[in-house]
file upload03.cif (mmCIF, C-alpha atoms)
data_entry
loop_
_atom_site.label_atom_id
_atom_site.label_comp_id
_atom_site.auth_asym_id
_atom_site.auth_seq_id
_atom_site.Cartn_x
_atom_site.Cartn_y
_atom_site.Cartn_z
CA MET B 1 74.72 123.84 170.35
CA LYS B 2 72.41 123.55 167.38
CA ILE B 3 71.60 126.99 166.03
CA PHE B 4 68.86 127.52 163.48
CA ILE B 5 69.74 130.23 160.97
CA ASP B 6 67.20 132.47 159.26
CA PRO B 7 67.34 132.89 156.24
CA PRO B 8 67.95 129.14 156.35
CA ASN B 9 70.29 129.10 153.36
CA SER B 10 72.43 132.10 154.30
CA LEU B 11 76.16 131.69 153.63
CA VAL B 12 77.15 134.44 156.06
CA LEU B 13 75.16 133.06 158.98
CA PHE B 14 76.16 129.45 158.28
CA ASP B 15 79.83 130.44 158.18
CA LEU B 16 79.71 132.57 161.33
CA VAL B 17 77.85 129.94 163.36
CA GLU B 18 80.37 127.28 162.35
CA ARG B 19 83.29 129.65 162.86
CA PHE B 20 82.26 130.38 166.44
CA GLY B 21 81.94 126.73 167.36
CA HIS B 22 78.29 125.77 166.95
CA GLU B 23 76.33 123.54 164.59
CA PRO B 24 74.21 125.47 162.07
CA LEU B 25 70.83 124.02 161.11
CA SER B 26 70.31 125.04 157.51
CA ALA B 27 68.08 124.39 154.52
CA MET B 28 71.03 122.89 152.65
CA ALA B 29 71.36 120.01 155.12
CA ALA B 30 67.64 119.27 154.93
CA ILE B 31 67.68 119.27 151.13
CA GLN B 32 70.87 117.18 151.03
CA GLU B 33 69.13 114.53 153.08
CA ARG B 34 66.38 114.37 150.48
CA VAL B 35 68.75 114.48 147.51
CA ASP B 36 70.88 111.66 148.89
CA ASN B 37 68.27 109.43 150.44
CA LEU B 38 65.26 109.58 148.18
CA GLU B 39 64.93 106.96 145.54
CA VAL B 40 63.54 109.48 143.13
CA ASP B 41 65.45 110.38 140.02
CA MET B 42 63.03 112.76 138.38
CA PRO B 43 61.94 116.23 139.45
CA PRO B 44 60.17 117.17 141.66
CA MET B 45 62.62 115.56 144.01
CA ASN B 46 62.52 117.79 147.06
CA VAL B 47 58.89 117.43 148.06
CA THR B 48 57.26 114.08 148.63
CA LEU B 49 53.94 113.00 150.04
CA ASP B 50 55.61 112.48 153.44
CA ASP B 51 56.84 116.07 153.36
CA VAL B 52 53.35 117.36 152.66
CA VAL B 53 52.04 115.42 155.64
CA LYS B 54 54.86 116.80 157.82
CA GLY B 55 54.05 120.31 156.61
CA LEU B 56 50.44 119.91 157.73
CA LYS B 57 51.67 120.00 161.32
CA TYR B 58 52.69 123.64 160.84
CA ALA B 59 50.30 124.96 158.22
CA GLY B 60 46.73 123.93 157.49
CA ILE B 61 45.34 122.57 154.26
CA GLU B 62 43.93 125.96 153.26
CA VAL B 63 47.37 127.60 153.53
CA PRO B 64 49.31 128.02 150.26
CA SER B 65 51.28 124.89 149.41
CA GLY B 66 54.54 126.84 149.23
CA ILE B 67 54.40 127.47 152.95
CA ARG B 68 53.61 123.84 153.73
CA GLY B 69 56.48 122.63 151.56
CA ARG B 70 58.96 124.97 153.21
CA MET B 71 57.73 124.23 156.71
CA ALA B 72 58.16 120.49 156.04
CA LEU B 73 61.88 121.21 155.69
CA TRP B 74 62.35 123.96 158.26
CA GLY B 75 59.80 122.98 160.93
CA PRO B 76 61.65 119.89 162.22
CA MET B 77 64.89 121.91 162.32
CA ILE B 78 63.25 124.63 164.42
CA GLU B 79 62.06 121.92 166.81
CA ALA B 80 65.59 120.49 167.02
CA ALA B 81 67.26 123.88 167.54
CA ASP B 82 68.74 125.01 170.87
CA ALA B 83 68.99 128.63 169.72
CA ALA B 84 68.32 130.72 166.62
CA ILE B 85 69.87 133.65 164.83
CA ILE B 86 67.62 135.77 162.62
CA MET B 87 68.83 138.31 160.11
CA ASP B 88 66.11 140.89 159.48
CA ASP B 89 65.57 142.90 156.29
CA CYS B 90 67.70 140.76 153.98
CA PRO B 91 67.32 142.19 150.46
CA TYR B 92 66.91 138.70 148.99
CA SER B 93 64.43 137.48 151.59
CA PHE B 94 61.08 138.77 150.43
CA GLY B 95 58.08 137.63 148.51
CA CYS B 96 54.33 137.39 148.52
CA VAL B 97 52.22 134.45 149.52
CA GLY B 98 54.62 131.52 149.90
CA CYS B 99 57.97 133.13 150.66
CA GLU B 100 57.04 136.00 152.97
CA ARG B 101 54.39 134.06 154.91
CA SER B 102 56.91 131.25 155.41
CA ASN B 103 59.42 133.79 156.76
CA LEU B 104 56.84 135.14 159.18
CA MET B 105 55.83 131.62 160.18
CA VAL B 106 59.45 130.68 160.87
CA LYS B 107 59.91 133.72 163.13
CA TYR B 108 56.65 132.94 164.94
CA LEU B 109 57.60 129.29 165.53
CA ILE B 110 61.06 130.27 166.82
CA HIS B 111 59.59 132.75 169.30
CA ARG B 112 56.90 130.29 170.36
CA ARG B 113 59.55 127.71 171.26
CA GLY B 114 61.14 130.17 173.68
CA ILE B 115 64.75 129.40 172.75
CA PRO B 116 67.45 132.11 172.86
CA VAL B 117 67.15 134.25 169.72
CA LEU B 118 69.47 136.88 168.31
CA HIS B 119 67.91 139.41 165.94
CA VAL B 120 70.41 141.20 163.73
CA SER B 121 69.80 143.50 160.82
CA TYR B 122 71.43 143.16 157.43
CA PRO B 123 74.61 145.26 157.59
CA ALA B 124 74.62 148.11 155.10
CA THR B 125 77.98 149.65 156.00
CA ASP B 126 81.37 148.51 157.28
CA GLU B 127 80.61 149.88 160.75
CA GLU B 128 77.34 147.97 160.90
CA ALA B 129 79.18 144.82 159.81
CA VAL B 130 81.66 145.23 162.68
CA ALA B 131 78.76 145.60 165.11
CA PHE B 132 76.99 142.58 163.55
CA VAL B 133 80.05 140.30 163.75
CA ALA B 134 80.94 141.43 167.27
CA GLN B 135 77.36 140.98 168.47
CA ALA B 136 77.05 137.53 166.88
CA LYS B 137 80.40 136.44 168.35
CA GLU B 138 79.60 137.63 171.86
CA TRP B 139 76.14 136.04 171.73
CA MET B 140 77.42 132.69 170.50
CA GLU B 141 80.24 132.62 173.03
CA GLY B 142 77.68 133.28 175.72
CA LEU B 143 75.67 130.23 174.65
CA LYS B 144 78.43 127.77 175.53
CA MET N 1 74.41 108.61 153.22
CA SER N 2 74.43 112.32 154.03
CA ASP N 3 77.05 111.65 156.73
CA GLU N 4 79.31 110.15 154.14
CA ARG N 5 79.63 112.94 151.63
CA GLU N 6 79.81 116.65 152.09
CA THR N 7 79.86 119.15 149.27
CA ARG N 8 81.22 122.48 150.44
CA LEU N 9 81.10 125.80 148.75
CA PHE N 10 84.09 128.09 149.34
CA MET N 11 83.47 131.71 148.45
CA ILE N 12 86.19 134.34 148.34
CA SER N 13 85.41 137.78 149.71
CA PRO N 14 85.61 140.54 147.08
CA ARG N 15 87.93 142.48 149.43
CA SER N 16 90.49 139.67 149.18
CA MET N 17 93.37 139.48 146.68
CA LEU N 18 93.01 135.68 146.50
CA THR N 19 91.80 134.22 143.19
CA PRO N 20 89.72 131.06 142.68
CA ASP N 21 92.67 129.54 140.82
CA GLN N 22 95.02 130.09 143.77
CA LEU N 23 92.43 128.67 146.16
CA VAL N 24 91.93 125.53 144.06
CA ARG N 25 95.69 124.99 143.74
CA MET N 26 96.03 125.34 147.49
CA VAL N 27 93.26 122.80 148.16
CA HIS N 28 94.87 120.38 145.70
CA ALA N 29 98.20 120.88 147.45
CA PHE N 30 96.72 119.59 150.71
CA GLY N 31 96.96 116.13 149.15
CA GLU N 32 93.44 115.08 150.14
CA GLU N 33 91.43 112.93 147.78
CA ALA N 34 88.61 115.41 147.46
CA LEU N 35 86.89 116.42 144.26
CA VAL N 36 87.63 120.11 143.71
CA LYS N 37 85.83 122.23 141.14
CA GLU N 38 86.86 125.79 140.38
CA THR N 39 84.01 128.29 140.11
CA CYS N 40 83.78 132.01 139.46
CA TYR N 41 83.38 132.79 143.19
CA GLY N 42 85.85 130.26 144.65
CA CYS N 43 85.49 126.53 144.50
CA LEU N 44 83.38 123.51 145.36
CA VAL N 45 84.90 120.67 147.36
CA GLU N 46 83.30 117.26 147.59
CA ALA N 47 84.67 114.71 150.04
CA PRO N 48 83.67 112.56 153.00
CA ARG N 49 82.59 114.83 155.86
CA GLU N 50 85.73 114.47 157.97
CA GLU N 51 87.97 115.18 155.02
CA ALA N 52 85.90 118.20 153.99
CA LEU N 53 86.16 119.60 157.53
CA ARG N 54 89.93 119.04 157.49
CA ILE N 55 90.17 121.02 154.25
CA LEU N 56 87.98 123.77 155.72
CA ALA N 57 90.22 124.01 158.80
CA LYS N 58 93.34 124.27 156.64
CA VAL N 59 91.79 126.93 154.42
CA ARG N 60 90.69 128.92 157.50
CA GLU N 61 94.21 128.63 158.90
CA THR N 62 95.68 130.29 155.81
CA TYR N 63 92.87 132.70 154.99
CA PRO N 64 90.91 133.13 158.23
CA ASN N 65 88.74 136.06 157.19
CA GLU N 66 88.82 135.96 153.40
CA VAL N 67 87.23 132.64 152.53
CA PHE N 68 83.68 131.78 153.62
CA SER N 69 82.09 128.38 153.43
CA LYS N 70 78.78 126.59 153.64
CA ILE N 71 77.54 123.16 152.70
CA ARG N 72 75.74 122.56 149.43
CA ALA N 73 72.81 120.21 149.10
CA TYR N 74 73.60 118.97 145.62
CA ARG N 75 76.70 117.15 144.50
CA CYS N 76 79.25 118.76 142.19
CA SER N 77 77.93 118.59 138.62
CA ASP N 78 74.57 117.25 139.75
CA PRO N 79 72.50 116.89 136.56
CA VAL N 80 69.51 118.50 138.27
CA ARG N 81 71.49 121.56 139.31
CA CYS N 82 74.52 121.98 137.05
CA ARG N 83 74.30 124.57 134.28
CA ALA N 84 76.74 122.62 132.13
CA GLN N 85 74.22 119.80 132.04
CA HIS N 86 71.23 122.10 131.55
CA GLY N 87 70.12 121.86 135.16
CA THR N 88 66.70 123.19 135.96
CA ARG N 89 67.42 124.88 139.27
CA PRO N 90 68.82 128.34 138.78
CA GLY N 91 69.48 130.28 141.96
CA PHE N 92 72.64 132.33 142.08
CA ALA N 93 70.75 135.49 143.01
CA GLN N 94 71.27 135.05 146.72
CA LEU N 95 74.89 133.96 146.39
CA GLU N 96 75.58 137.04 144.32
CA GLU N 97 73.97 139.29 146.93
CA GLU N 98 75.86 137.62 149.75
CA TRP N 99 79.12 137.79 147.81
CA ALA N 100 78.84 141.58 147.91
CA LEU N 101 78.17 141.44 151.65
CA LEU N 102 81.27 139.32 152.31
CA ALA N 103 83.54 142.36 151.87
CA LYS N 104 81.84 144.00 154.84
CA ILE N 105 81.84 140.80 156.89
CA GLN N 106 85.56 140.34 156.20
CA TYR N 107 86.17 143.86 157.49
CA GLY N 108 84.00 143.09 160.52
CA LEU N 109 85.93 139.90 161.31
CA GLU N 110 89.26 141.70 160.99
CA GLN N 111 88.14 144.46 163.34
CA VAL N 112 86.79 141.93 165.84
CA ASP N 113 90.16 140.12 165.72
CA LYS N 114 91.78 143.45 166.55
CA GLY N 115 89.53 143.78 169.57
CA ALA N 116 86.39 145.58 168.41
CA THR N 117 83.40 144.90 170.64
CA TYR N 118 79.67 145.33 170.23
CA VAL N 119 78.37 148.71 171.26
CA LYS N 120 74.61 149.02 171.33
CA LYS N 121 73.30 151.82 169.15
CA PRO N 122 71.18 154.39 170.96
CA GLU N 123 67.53 153.79 170.17
CA GLN N 124 65.95 156.28 167.80
CA LYS N 125 63.44 158.44 169.60
CA LYS N 126 60.06 159.25 168.13
CA LEU N 127 59.77 162.68 166.59
CA ASP N 128 58.16 165.24 168.85
CA VAL N 129 54.77 166.44 167.55
CA ASN N 130 55.72 170.12 167.81
CA ALA N 131 58.99 169.52 165.99
CA PHE N 132 57.08 167.66 163.29
CA LYS N 133 54.62 170.56 163.01
CA LYS N 134 57.51 172.96 162.52
CA ILE N 135 58.90 170.78 159.73
CA CYS N 136 55.49 170.70 158.04
CA GLU N 137 54.78 174.41 158.34
CA VAL N 138 55.22 176.43 155.22
CA GLN N 139 57.66 179.23 155.89
#

call {"tool": "encode", "arguments": {"input": "upload03.cif", "output": "structure tokens"}}
result
Amino acid sequence: MKIFIDPPNSLVLFDLVERFGHEPLSAMAAIQERVDNLEVDMPPMNVTLDDVVKGLKYAGIEVPSGIRGRMALWGPMIEAADAAIIMDDCPYSFGCVGCERSNLMVKYLIHRRGIPVLHVSYPATDEEAVAFVAQAKEWMEGLK
Amino acid sequence: MSDERETRLFMISPRSMLTPDQLVRMVHAFGEEALVKETCYGCLVEAPREEALRILAKVRETYPNEVFSKIRAYRCSDPVRCRAQHGTRPGFAQLEEEWALLAKIQYGLEQVDKGATYVKKPEQKKLDVNAFKKICEVQ
């Protein structure tokens, strides 16, 4: 199954999803597509006019451009996902207008799609990590 | 094009005794024709997708819970990204944060292999008003 991971560039989530036999949908894959396929050799190379148009589907013209740019990458992946795993309270996942609103938007879109979602919190101790790994494993095995 | 190449990032957990040098030597010893670049956290491997997945499977076989991997959007030594070529896209902050977390995840994976299961934590109840009043009262 295709599982969308949030934060979309998380190493831990990407590794665990792949380890337990599913296909992670990540920001890296979306950016790789643009890096490899675009005939652009000068920055900015990850946002094109097409991306901006795609982003308009998720966020209006009055919304900060950072959200639109991110949603152009992540929105199609959320639509393609069969399930999603969300890690809450990541210490590196914060921000103000662009970053945080995009994070909220991603969570909203995932819930609106109605696909199976696993919410986990960022493990702060070894015991929490055991619970996190066990929970993720059991959930992903149940998806098969 | 993106199906053809895959650049993978292999990161060693800080709880592991494995070094990036040992990891790179091991990947070279597999005899695959992949491009391998040693880094401070592990290594980067660039190869066609099938070959990269073969390497990942072999690494997981030897170090199942110590080496973590994800794909990387940019090629090895990409001029836009690489510090050696004055790349303009810094961004190791998250990797650094996740590197610290890998020690806990490694422990979690080991315990799960030993049979640990998920036990739901009891939900925290809201504090009773009277109890809260007692806490607030000056003795």

call {"tool": "residues_around", "arguments": {"input": "upload03.cif", "residues": "Asp126 of chain B", "least_positions_apart": "6", "cutoff": "7 Å", "atoms": "all atoms listed in the file", "output": "PyMOL selection string"}}
result
chain N and resi 104+107-108

call {"tool": "resolve_selection", "arguments": {"input": "upload03.cif", "expression": "the PyMOL selection byres ((chain N) within 6 of (chain B))", "output": "count of residues only"}}
result
10

call {"tool": "atom_distance", "arguments": {"input": "upload03.cif", "atom1": "atom CA of Ala93 of chain N", "atom2": "atom CA of Leu104 of chain B"}}
result
21.3 Å

call {"tool": "resolve_selection", "arguments": {"input": "upload03.cif", "expression": "the PyMOL selection byres ((chain B and resi 74) around 8)", "output": "PDB file with C-alpha atoms, keeping the file's coordinate frame"}}
result
ATOM      1  CA  PRO B   8      67.950 129.140 156.350  1.00  0.00           C
ATOM      2  CA  ALA B  27      68.080 124.390 154.520  1.00  0.00           C
ATOM      3  CA  ALA B  30      67.640 119.270 154.930  1.00  0.00           C
ATOM      4  CA  ARG B  70      58.960 124.970 153.210  1.00  0.00           C
ATOM      5  CA  MET B  71      57.730 124.230 156.710  1.00  0.00           C
ATOM      6  CA  ALA B  72      58.160 120.490 156.040  1.00  0.00           C
ATOM      7  CA  LEU B  73      61.880 121.210 155.690  1.00  0.00           C
ATOM      8  CA  GLY B  75      59.800 122.980 160.930  1.00  0.00           C
ATOM      9  CA  PRO B  76      61.650 119.890 162.220  1.00  0.00           C
ATOM     10  CA  MET B  77      64.890 121.910 162.320  1.00  0.00           C
ATOM     11  CA  ILE B  78      63.250 124.630 164.420  1.00  0.00           C
ATOM     12  CA  VAL B 106      59.450 130.680 160.870  1.00  0.00           C
TER      13      VAL B 106
END

call {"tool": "resolve_selection", "arguments": {"input": "upload03.cif", "expression": "the PyMOL selection byres ((chain N and resi 42-47) around 12)", "output": "JSON, numbers by chain"}}
result
{"N": [2, 3, 4, 5, 6, 7, 8, 9, 10, 11, 12, 13, 14, 16, 18, 19, 20, 21, 22, 23, 24, 25, 26, 27, 28, 32, 33, 34, 35, 36, 37, 38, 39, 40, 41, 48, 49, 50, 51, 52, 53, 54, 55, 56, 59, 66, 67, 68, 69, 70, 71, 72, 73, 74, 75, 76, 77, 78, 95, 99]}

call {"tool": "build_atoms", "arguments": {"input": "upload03.cif", "residues": "segment 8-22 of chain B", "atoms": "N, CA and C atoms", "output": "tab-separated table (two decimals), in the coordinates of the input"}}
result
chain	number	residue	atom	x	y	z
B	8	PRO	N	67.36	130.46	156.10
B	8	PRO	CA	67.95	129.14	156.35
B	8	PRO	C	69.05	128.74	155.38
B	9	ASN	N	69.22	129.47	154.28
B	9	ASN	CA	70.29	129.10	153.36
B	9	ASN	C	71.38	130.17	153.30
B	10	SER	N	71.48	131.00	154.33
B	10	SER	CA	72.43	132.10	154.30
B	10	SER	C	73.87	131.62	154.48
B	11	LEU	N	74.73	132.03	153.55
B	11	LEU	CA	76.16	131.69	153.63
B	11	LEU	C	76.81	132.37	154.81
B	12	VAL	N	76.51	133.66	155.00
B	12	VAL	CA	77.15	134.44	156.06
B	12	VAL	C	76.82	133.86	157.43
B	13	LEU	N	75.55	133.58	157.66
B	13	LEU	CA	75.16	133.06	158.98
B	13	LEU	C	75.71	131.66	159.20
B	14	PHE	N	75.64	130.82	158.17
B	14	PHE	CA	76.16	129.45	158.28
B	14	PHE	C	77.64	129.50	158.66
B	15	ASP	N	78.39	130.34	157.95
B	15	ASP	CA	79.83	130.44	158.18
B	15	ASP	C	80.13	130.94	159.59
B	16	LEU	N	79.42	131.98	160.01
B	16	LEU	CA	79.71	132.57	161.33
B	16	LEU	C	79.38	131.59	162.46
B	17	VAL	N	78.24	130.89	162.31
B	17	VAL	CA	77.85	129.94	163.36
B	17	VAL	C	78.90	128.83	163.48
B	18	GLU	N	79.36	128.34	162.33
B	18	GLU	CA	80.37	127.28	162.35
B	18	GLU	C	81.70	127.80	162.88
B	19	ARG	N	82.03	129.01	162.46
B	19	ARG	CA	83.29	129.65	162.86
B	19	ARG	C	83.38	129.82	164.38
B	20	PHE	N	82.25	130.14	165.01
B	20	PHE	CA	82.26	130.38	166.44
B	20	PHE	C	81.85	129.14	167.25
B	21	GLY	N	82.00	127.98	166.61
B	21	GLY	CA	81.94	126.73	167.36
B	21	GLY	C	80.58	126.10	167.60
B	22	HIS	N	79.59	126.40	166.77
B	22	HIS	CA	78.29	125.77	166.95
B	22	HIS	C	77.90	125.03	165.66
